[in-house]
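The data block below is data18.txt; it holds compact mmCIF, C-alpha atoms.
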# COMPACT_ATOMS: atom_id res chain seq x y z
CA MET U 1 -30.03 -10.45 -1.52
CA ASP U 2 -30.28 -7.23 0.41
CA LEU U 3 -28.40 -4.50 -1.40
CA SER U 4 -29.06 -1.70 1.07
CA LEU U 5 -25.64 -2.03 2.73
CA LEU U 6 -23.91 -2.04 -0.65
CA HIS U 7 -25.85 1.09 -1.68
CA ASN U 8 -24.74 2.75 1.51
CA LEU U 9 -21.10 1.73 1.17
CA MET U 10 -20.95 2.85 -2.45
CA GLY U 11 -22.46 6.23 -1.69
CA GLY U 12 -25.67 5.39 -3.55
CA ASP U 13 -23.88 4.89 -6.88
CA GLN U 14 -26.26 2.50 -8.67
CA GLN U 15 -23.77 1.72 -11.43
CA LEU U 16 -21.17 0.53 -8.95
CA VAL U 17 -23.78 -1.55 -7.11
CA ASP U 18 -24.96 -3.17 -10.37
CA ARG U 19 -21.42 -3.98 -11.39
CA PHE U 20 -20.68 -5.53 -8.02
CA VAL U 21 -23.78 -7.70 -8.23
CA THR U 22 -22.91 -8.81 -11.76
CA ILE U 23 -19.41 -9.81 -10.70
CA PHE U 24 -20.77 -11.42 -7.56
CA LYS U 25 -23.18 -13.58 -9.55
CA THR U 26 -20.42 -14.72 -11.87
CA GLN U 27 -17.64 -15.32 -9.40
CA VAL U 28 -19.16 -16.54 -6.18
CA PRO U 29 -20.62 -19.81 -7.58
CA ALA U 30 -17.20 -20.56 -9.10
CA GLN U 31 -15.47 -19.83 -5.81
CA VAL U 32 -17.89 -22.08 -3.94
CA ALA U 33 -17.46 -24.85 -6.52
CA ALA U 34 -13.69 -24.78 -5.92
CA LEU U 35 -14.01 -25.40 -2.16
CA PRO U 36 -14.29 -29.23 -2.14
CA ALA U 37 -11.07 -29.59 -4.15
CA LEU U 38 -9.19 -27.34 -1.72
CA CYS U 39 -10.61 -29.36 1.12
CA GLU U 40 -9.59 -32.64 -0.47
CA ALA U 41 -6.07 -31.32 -0.99
CA GLN U 42 -6.06 -30.19 2.65
CA ASP U 43 -4.87 -26.80 1.47
CA TRP U 44 -6.06 -25.13 4.65
CA GLU U 45 -4.39 -21.83 3.93
CA ALA U 46 -6.12 -21.46 0.57
CA LEU U 47 -9.38 -22.67 2.08
CA SER U 48 -9.18 -20.09 4.87
CA ALA U 49 -8.46 -17.36 2.31
CA ALA U 50 -11.47 -18.50 0.26
CA MET U 51 -13.71 -18.45 3.36
CA HIS U 52 -12.43 -14.99 4.20
CA SER U 53 -13.19 -13.68 0.73
CA LEU U 54 -16.64 -15.30 0.54
CA LYS U 55 -17.54 -14.04 4.01
CA THR U 56 -16.93 -10.44 2.97
CA GLN U 57 -18.83 -10.83 -0.28
CA PHE U 58 -21.84 -12.43 1.40
CA ASN U 59 -21.81 -9.61 3.93
CA TYR U 60 -21.87 -6.99 1.19
CA VAL U 61 -25.05 -8.39 -0.34
CA GLY U 62 -26.79 -9.02 2.97
CA MET U 63 -26.52 -12.84 2.87
CA ASN U 64 -25.66 -12.79 6.53
CA ALA U 65 -26.35 -16.43 7.38
CA LEU U 66 -23.93 -17.59 4.70
CA ALA U 67 -21.40 -14.99 5.85
CA GLU U 68 -21.69 -16.33 9.36
CA GLN U 69 -21.04 -19.89 8.14
CA MET U 70 -17.93 -18.66 6.35
CA ARG U 71 -16.76 -16.86 9.45
CA SER U 72 -17.19 -19.95 11.59
CA LEU U 73 -15.39 -22.20 9.08
CA GLU U 74 -12.56 -19.69 8.70
CA GLU U 75 -12.16 -19.51 12.46
CA GLN U 76 -12.05 -23.32 12.79
CA ILE U 77 -9.49 -23.66 10.00
CA ASP U 78 -7.29 -20.88 11.38
CA GLY U 79 -7.48 -22.53 14.79
CA GLY U 80 -6.32 -25.87 13.33
CA GLN U 81 -9.66 -27.58 13.98
CA THR U 82 -9.96 -29.20 10.58
CA ASP U 83 -11.39 -32.64 11.40
CA HIS U 84 -15.00 -31.77 10.61
CA ILE U 85 -14.28 -29.24 7.88
CA PRO U 86 -14.76 -31.60 4.88
CA LEU U 87 -18.23 -32.53 6.10
CA GLN U 88 -19.19 -28.94 6.79
CA ILE U 89 -17.88 -27.80 3.41
CA SER U 90 -19.82 -30.40 1.47
CA SER U 91 -22.96 -29.56 3.41
CA PHE U 92 -22.42 -25.83 2.75
CA VAL U 93 -21.82 -26.38 -0.99
CA ARG U 94 -25.03 -28.42 -1.26
CA GLU U 95 -26.99 -25.82 0.65
CA PHE U 96 -25.56 -22.99 -1.43
CA ARG U 97 -26.41 -24.70 -4.73
CA GLN U 98 -29.99 -25.27 -3.63
CA SER U 99 -30.52 -21.69 -2.51
CA TRP U 100 -28.75 -20.32 -5.60
CA GLN U 101 -31.03 -22.24 -7.95
CA SER U 102 -34.20 -21.26 -6.14
CA MET S 1 -4.07 19.04 -3.28
CA GLU S 2 -2.16 17.42 -6.16
CA GLN S 3 -3.45 14.11 -7.46
CA PRO S 4 -2.42 11.72 -4.66
CA HIS S 5 -0.84 8.44 -5.66
CA LEU S 6 -2.18 5.53 -3.62
CA LEU S 7 -1.08 1.94 -3.30
CA PHE S 8 -4.13 -0.17 -2.52
CA ILE S 9 -3.59 -3.82 -1.61
CA ASP S 10 -6.60 -6.03 -1.00
CA ASP S 11 -7.19 -9.64 -2.00
CA GLU S 12 -10.93 -9.13 -2.20
CA VAL S 13 -10.96 -8.54 -5.95
CA GLN S 14 -14.47 -7.34 -6.74
CA TYR S 15 -14.96 -4.69 -4.11
CA SER S 16 -11.38 -3.43 -4.34
CA GLU S 17 -11.64 -2.96 -8.13
CA LEU S 18 -14.75 -0.85 -7.63
CA THR S 19 -13.17 1.05 -4.75
CA LYS S 20 -10.21 1.82 -7.02
CA GLU S 21 -12.62 3.22 -9.61
CA TYR S 22 -14.37 5.29 -6.95
CA LEU S 23 -11.09 6.75 -5.66
CA GLU S 24 -10.03 7.52 -9.22
CA MET S 25 -13.32 9.33 -9.78
CA LYS S 26 -12.42 11.41 -6.73
CA GLY S 27 -9.14 12.40 -8.34
CA CYS S 28 -6.66 9.89 -6.89
CA ARG S 29 -4.18 7.80 -8.86
CA VAL S 30 -4.50 4.24 -7.61
CA MET S 31 -2.35 1.17 -8.08
CA LEU S 32 -4.23 -1.93 -6.97
CA LYS S 33 -2.58 -5.24 -6.07
CA HIS S 34 -4.21 -8.37 -4.71
CA ASP S 35 -1.50 -9.94 -2.58
CA GLY S 36 1.12 -8.74 -0.15
CA GLN S 37 4.18 -9.67 -2.19
CA ALA S 38 2.88 -7.97 -5.35
CA GLY S 39 2.15 -4.94 -3.17
CA LEU S 40 5.69 -4.82 -1.82
CA ASP S 41 7.13 -5.13 -5.33
CA ALA S 42 4.92 -2.25 -6.46
CA PHE S 43 5.99 -0.13 -3.50
CA LYS S 44 9.65 -0.67 -4.37
CA SER S 45 9.12 0.29 -7.99
CA GLN S 46 7.21 3.56 -7.58
CA THR S 47 6.61 6.45 -5.22
CA PHE S 48 3.31 6.64 -3.35
CA ASP S 49 1.69 9.16 -1.03
CA LEU S 50 -0.25 6.61 1.03
CA CYS S 51 -0.86 2.86 1.31
CA VAL S 52 -4.16 1.14 2.01
CA LEU S 53 -3.51 -2.41 3.22
CA ASP S 54 -5.84 -5.29 3.89
CA ILE S 55 -4.65 -7.40 6.82
CA LYS S 56 -5.47 -10.94 5.81
CA MET S 57 -3.92 -11.52 2.41
CA PRO S 58 -2.18 -14.34 0.57
CA LYS S 59 1.63 -14.53 0.33
CA LYS S 60 2.22 -11.76 2.86
CA ASP S 61 -0.21 -10.42 5.46
CA GLY S 62 -0.84 -6.71 5.91
CA PHE S 63 1.10 -6.41 9.16
CA THR S 64 4.27 -7.98 7.71
CA LEU S 65 3.87 -5.87 4.60
CA ALA S 66 3.49 -2.69 6.67
CA GLU S 67 6.69 -3.51 8.56
CA GLU S 68 8.59 -3.99 5.32
CA ILE S 69 7.14 -0.84 3.79
CA LYS S 70 8.06 1.18 6.88
CA GLN S 71 11.62 -0.12 6.64
CA ILE S 72 11.81 1.39 3.17
CA ASP S 73 9.94 4.61 4.00
CA GLU S 74 9.06 5.19 7.63
CA THR S 75 7.04 8.31 6.84
CA ILE S 76 4.55 6.77 4.42
CA PRO S 77 1.00 6.92 5.83
CA ILE S 78 -0.78 3.56 6.12
CA VAL S 79 -4.47 2.81 6.45
CA PHE S 80 -5.36 -0.75 7.44
CA LEU S 81 -8.50 -2.54 6.31
CA THR S 82 -9.70 -5.53 8.21
CA GLY S 83 -12.56 -7.94 8.23
CA GLN S 84 -12.19 -8.30 11.96
CA SER S 85 -12.75 -5.58 14.49
CA LEU S 86 -10.44 -7.21 17.00
CA LYS S 87 -8.94 -4.83 19.49
CA GLU S 88 -5.57 -6.64 19.36
CA ASP S 89 -5.41 -6.16 15.59
CA LYS S 90 -6.08 -2.46 15.95
CA ILE S 91 -3.39 -2.13 18.59
CA LYS S 92 -0.92 -4.13 16.51
CA GLY S 93 -1.67 -1.95 13.48
CA LEU S 94 -1.22 1.25 15.42
CA MET S 95 2.02 -0.04 16.94
CA LEU S 96 3.29 -0.57 13.41
CA GLY S 97 2.64 3.09 12.68
CA ALA S 98 -0.77 2.85 11.01
CA ASP S 99 -2.42 6.22 10.54
CA ASP S 100 -5.94 4.89 10.45
CA TYR S 101 -8.02 1.75 10.59
CA LEU S 102 -11.19 0.79 8.76
CA THR S 103 -13.29 -2.28 9.50
CA LYS S 104 -14.84 -4.14 6.57
CA PRO S 105 -17.35 -3.65 5.14
CA PHE S 106 -16.22 -0.07 4.73
CA SER S 107 -17.81 2.81 2.91
CA MET S 108 -15.87 4.03 -0.13
CA GLU S 109 -16.66 7.60 0.77
CA GLU S 110 -15.40 7.13 4.30
CA LEU S 111 -12.17 5.63 3.01
CA TYR S 112 -11.72 8.56 0.64
CA LEU S 113 -12.42 11.13 3.37
CA ARG S 114 -9.97 9.49 5.74
CA ILE S 115 -7.28 9.34 3.05
CA ARG S 116 -7.85 13.00 2.30
CA ALA S 117 -7.64 13.93 5.98
CA ILE S 118 -4.38 12.02 6.46
CA LEU S 119 -2.77 13.53 3.39
CA LYS S 120 -3.81 16.99 4.50
CA ARG S 121 -2.27 16.37 7.92
CA VAL S 122 0.94 15.03 6.39
CA LYS S 123 1.22 18.06 4.13
CA VAL S 124 0.82 20.48 7.04
CA HIS S 125 3.41 18.52 9.01
CA GLU S 126 5.86 18.64 6.10
CA LYS S 127 5.41 22.38 5.77
CA THR S 128 6.11 23.03 9.42
CA ARG S 129 9.02 20.65 9.67
CA THR S 130 12.42 22.20 9.12
CA ILE S 131 15.35 19.86 8.86
CA ASP S 132 18.75 21.46 9.38
CA HIS S 133 20.81 18.34 8.85
CA TYR S 134 20.62 14.70 7.79
CA GLU S 135 22.41 11.77 9.37
CA TRP S 136 22.80 8.18 8.30
CA GLY S 137 25.32 5.38 8.91
CA HIS S 138 28.67 7.09 9.41
CA SER S 139 27.71 10.30 7.65
CA ARG S 140 26.20 13.68 8.30
CA PHE S 141 25.09 16.30 5.82
CA ASP S 142 24.46 19.93 6.67
CA PRO S 143 22.82 21.68 3.67
CA GLU S 144 23.16 25.14 5.22
CA LEU S 145 26.95 24.80 5.64
CA ARG S 146 27.18 22.72 2.45
CA GLN S 147 29.18 20.27 4.47
CA LEU S 148 29.22 16.50 4.16
CA VAL S 149 31.05 14.33 6.65
CA VAL S 150 31.57 10.73 5.53
CA SER S 151 33.27 8.31 7.92
CA GLY S 152 35.09 11.17 9.65
CA GLU S 153 36.21 12.90 6.47
CA THR S 154 34.77 16.39 5.86
CA ILE S 155 33.89 17.34 2.30
CA LYS S 156 32.94 20.88 1.32
CA LEU S 157 30.21 20.68 -1.34
CA THR S 158 29.52 23.15 -4.13
CA SER S 159 26.13 24.84 -4.19
CA ILE S 160 24.81 22.45 -6.85
CA GLU S 161 26.17 19.33 -5.15
CA SER S 162 24.54 20.45 -1.92
CA LYS S 163 21.19 21.18 -3.59
CA LEU S 164 21.22 17.79 -5.29
CA LEU S 165 22.11 15.89 -2.11
CA LYS S 166 19.38 17.77 -0.23
CA LEU S 167 16.87 16.75 -2.91
CA PHE S 168 18.00 13.15 -2.55
CA CYS S 169 17.62 13.33 1.23
CA GLU S 170 14.12 14.78 0.88
CA HIS S 171 13.24 11.90 -1.45
CA GLN S 172 15.04 9.19 0.49
CA ASN S 173 13.90 5.72 -0.54
CA LYS S 174 11.65 7.32 -3.14
CA VAL S 175 12.12 8.03 -6.82
CA LEU S 176 13.68 11.38 -7.65
CA THR S 177 12.89 11.94 -11.30
CA ARG S 178 15.46 13.57 -13.53
CA ASP S 179 13.04 16.41 -14.28
CA ALA S 180 12.39 17.05 -10.58
CA ALA S 181 16.12 17.06 -9.89
CA MET S 182 16.81 19.55 -12.70
CA ILE S 183 13.97 21.84 -11.65
CA GLY S 184 15.12 21.63 -8.02
CA ILE S 185 18.67 22.61 -8.92
CA TRP S 186 18.41 24.94 -11.89
CA GLY S 187 14.73 25.88 -11.89
CA ASP S 188 14.13 24.34 -15.32
CA GLU S 189 14.32 20.97 -17.01
CA GLU S 190 16.15 21.94 -20.18
CA HIS S 191 17.43 18.92 -22.04
CA TYR S 192 21.05 20.08 -22.04
CA ARG S 193 21.10 19.95 -18.22
CA GLY S 194 20.94 16.16 -18.38
CA TYR S 195 24.66 15.68 -18.87
CA SER S 196 25.51 18.00 -15.97
CA LEU S 197 23.09 16.13 -13.75
CA ASN S 198 24.86 12.84 -14.54
CA VAL S 199 28.18 14.43 -13.59
CA TYR S 200 26.87 15.71 -10.25
CA VAL S 201 25.26 12.37 -9.41
CA SER S 202 28.59 10.65 -10.12
CA LYS S 203 30.38 13.11 -7.86
CA LEU S 204 27.96 12.48 -5.00
CA ARG S 205 28.35 8.72 -5.46
CA LYS S 206 32.11 9.14 -5.19
CA PHE S 207 31.78 11.23 -1.99
CA LEU S 208 29.42 8.71 -0.43
CA LYS S 209 31.32 5.60 -1.51
CA ALA S 210 32.99 5.20 1.89
CA ASP S 211 29.61 4.82 3.63
CA PRO S 212 27.97 1.42 2.98
CA ALA S 213 24.70 2.62 4.53
CA ILE S 214 23.79 4.72 1.51
CA GLU S 215 23.52 4.17 -2.20
CA ILE S 216 22.18 6.16 -5.15
CA LEU S 217 20.44 3.81 -7.58
CA ASN S 218 19.76 4.50 -11.26
CA LEU S 219 16.16 3.79 -12.23
CA HIS S 220 16.14 3.44 -15.98
CA GLY S 221 13.76 5.87 -17.67
CA GLU S 222 12.69 7.37 -14.34
CA GLY S 223 15.55 8.92 -12.41
CA TYR S 224 17.28 7.99 -9.20
CA LYS S 225 16.58 6.59 -5.79
CA LEU S 226 18.67 7.27 -2.69
CA ILE S 227 18.53 4.18 -0.53
CA PHE S 228 19.31 4.16 3.16
CA LYS S 229 20.14 0.54 3.87
CA SER S 230 18.87 -1.24 6.99
CA GLY S 231 20.54 -0.15 10.19
CA ALA S 232 21.20 3.30 8.77
CA ALA S 233 19.75 6.22 10.69
Show me the file's structure as structure tokens.
Amino acid sequence: MDLSLLHNLMGGDQQLVDRFVTIFKTQVPAQVAALPALCEAQDWEALSAAMHSLKTQFNYVGMNALAEQMRSLEEQIDGGQTDHIPLQISSFVREFRQSWQS
Amino acid sequence: MEQPHLLFIDDEVQYSELTKEYLEMKGCRVMLKHDGQAGLDAFKSQTFDLCVLDIKMPKKDGFTLAEEIKQIDETIPIVFLTGQSLKEDKIKGLMLGADDYLTKPFSMEELYLRIRAILKRVKVHEKTRTIDHYEWGHSRFDPELRQLVVSGETIKLTSIESKLLKLFCEHQNKVLTRDAAMIGIWGDEEHYRGYSLNVYVSKLRKFLKADPAIEILNLHGEGYKLIFKSGAA
């Protein structure tokens, strides 16, 4: 994580930054864990919203590669290109879990 | 500047909760909602000085929400937040009457400074604006002459009726609290004025009955709201 952007955006308020990170650590894994079910249900609208939300959060904490993956998936879903989404989602979830544990 | 009341609608829960706290620390009152429909419901239930709207949101996107908000109150300032810096989105937002645009990730301080600048501008504009008459549907009201014309019929208003109708027009589509109405008419909010206020509101309703474009609603525990219905000028 790179918190320099967050520090900047929050005007250097360490308390706000810490609270964001705490919430991030609690909520993001849960949000990621919910993705395969949305995918299975082909709830593309909810999936796009989830990608959109995760993209912003990853951006805030400097996890730019993950943010970029979210952006690309969101764009594909919004453009109706959903054929390869299930595969990409399961690969992303696996990748995320590995990097989160390490 | 008085404590500004902001409606902040953003589905990105974490950052928006913290932004709300930040804005409150800076002296704003903030109502935060996380989807477009909840935001619209909140806008209908209270009076706000400015709206901050995310564009991509569940249930109702920011552009649709802005259109609906502007139908209720075309003067309310709107700041859009977006995750995309697409030129088309900016143009669309500005066409809908947005006062400013911030691309995510945005700085809380920058948002606060922009809100402050807009509210300052609006206040100056309100001070310099002098309205000599109001028109809607089939009616026209001239506060100076104390004259109300409803569907071709001219009604001469008393001083108090005229003051009250002017207050309603100044608060169109917003809540006019009972206290604000009493202070605006009599200069105080003494309890015994309440009955008189009810009488004057009833009289105005009777005068305006012939015009379907306008209605004075009772808001229990709060006051009144003068609604200009769609298609009314």
Can you find the residues with an atom no farther than 9 Å from (-15.6, -27.3, 11.3), counting all atoms listed in the file, and report them as a ChimeraX atom specification? /U:72-77,81-89
Got a sec to pull out which chain S residues are within 10 Å of chain U, counting all atoms listed in the file, and send them as number ranges by chain? S: 11-15, 17-19, 21-22, 56-58, 83, 104-111
Which residues are near Gln71 in chain S? Cut-off 12 Å, all atoms listed in the file, ignore same chain within fewer than 2 positions. Put them as a count of residues only. 24
I want to know what sits within 9 Å of Gly39 in chain S, based on all atoms listed in the file, with residues of the same chain fewer than 2 positions away left out; could you give that as a PyMOL selection string? chain S and resi 7-9+32-37+41-44+53+65
Just to confirm, what's the straight-line distance from CA of Gln31 in chain U to CA of Gly62 in chain S in Å (one decimal)?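 Interatomic distance here is 22.9 Å.
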Listed atoms of range 211-215 of chain S boxed axis-aligned with 4 Å per side, centre + edges as AutoDock Vina command-line options:
--center_x 26.6 --center_y 3.1 --center_z 1.2 --size_x 14.1 --size_y 11.4 --size_z 14.7
Counting all atoms listed in the file, which residue out of S:Ile78, S:Leu157, S:Val175, S:Met182 sits closest to Leu219 in chain S? S:Val175
Identify the residues around (-11.8, 10.0, -3.7) within a radius of 9 Å, measuring from all atoms listed in the file in the coordinates stated by the file, and give them as a ChimeraX atom specification. /S:20,22-28,108-109,111-113,115-116
For Phe96 in chain U, find every residue with an atom within 9 Å (counting all atoms listed in the file), except residues of its own chain fewer than 6 positions away, and show them as a VMD selection string. chain U and resid 29 32 66
Keeping C-alpha atoms for every residue in the selection just given, could you write it to a file as a PDB file, keeping the file's coordinate frame?
ATOM      1  CA  PRO U  29     -20.620 -19.810  -7.580  1.00  0.00           C
ATOM      2  CA  VAL U  32     -17.890 -22.080  -3.940  1.00  0.00           C
ATOM      3  CA  LEU U  66     -23.930 -17.590   4.700  1.00  0.00           C
TER       4      LEU U  66
END
Show me, as a PDB file with C-alpha atoms, keeping the file's coordinate frame, the residues that have an atom within 10 Å of Glu144 in chain S when counting only C-alpha atoms, minus same-chain residues fewer than 3 positions from it.
ATOM      1  CA  ASP S 132      18.750  21.460   9.380  1.00  0.00           C
ATOM      2  CA  HIS S 133      20.810  18.340   8.850  1.00  0.00           C
ATOM      3  CA  PHE S 141      25.090  16.300   5.820  1.00  0.00           C
ATOM      4  CA  GLN S 147      29.180  20.270   4.470  1.00  0.00           C
ATOM      5  CA  SER S 159      26.130  24.840  -4.190  1.00  0.00           C
ATOM      6  CA  SER S 162      24.540  20.450  -1.920  1.00  0.00           C
ATOM      7  CA  LYS S 163      21.190  21.180  -3.590  1.00  0.00           C
ATOM      8  CA  LYS S 166      19.380  17.770  -0.230  1.00  0.00           C
TER       9      LYS S 166
END
Could you tell me how far CA of Val79 in chain S sits from CA of Val61 in chain U, in Å to one decimal place? 24.4 Å
Å distance separating CA of Leu208 in chain S from CA of Gly194 in chain S, one decimal place: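 Separation between CA of Leu208 in chain S and CA of Gly194 in chain S: 21.2 Å.
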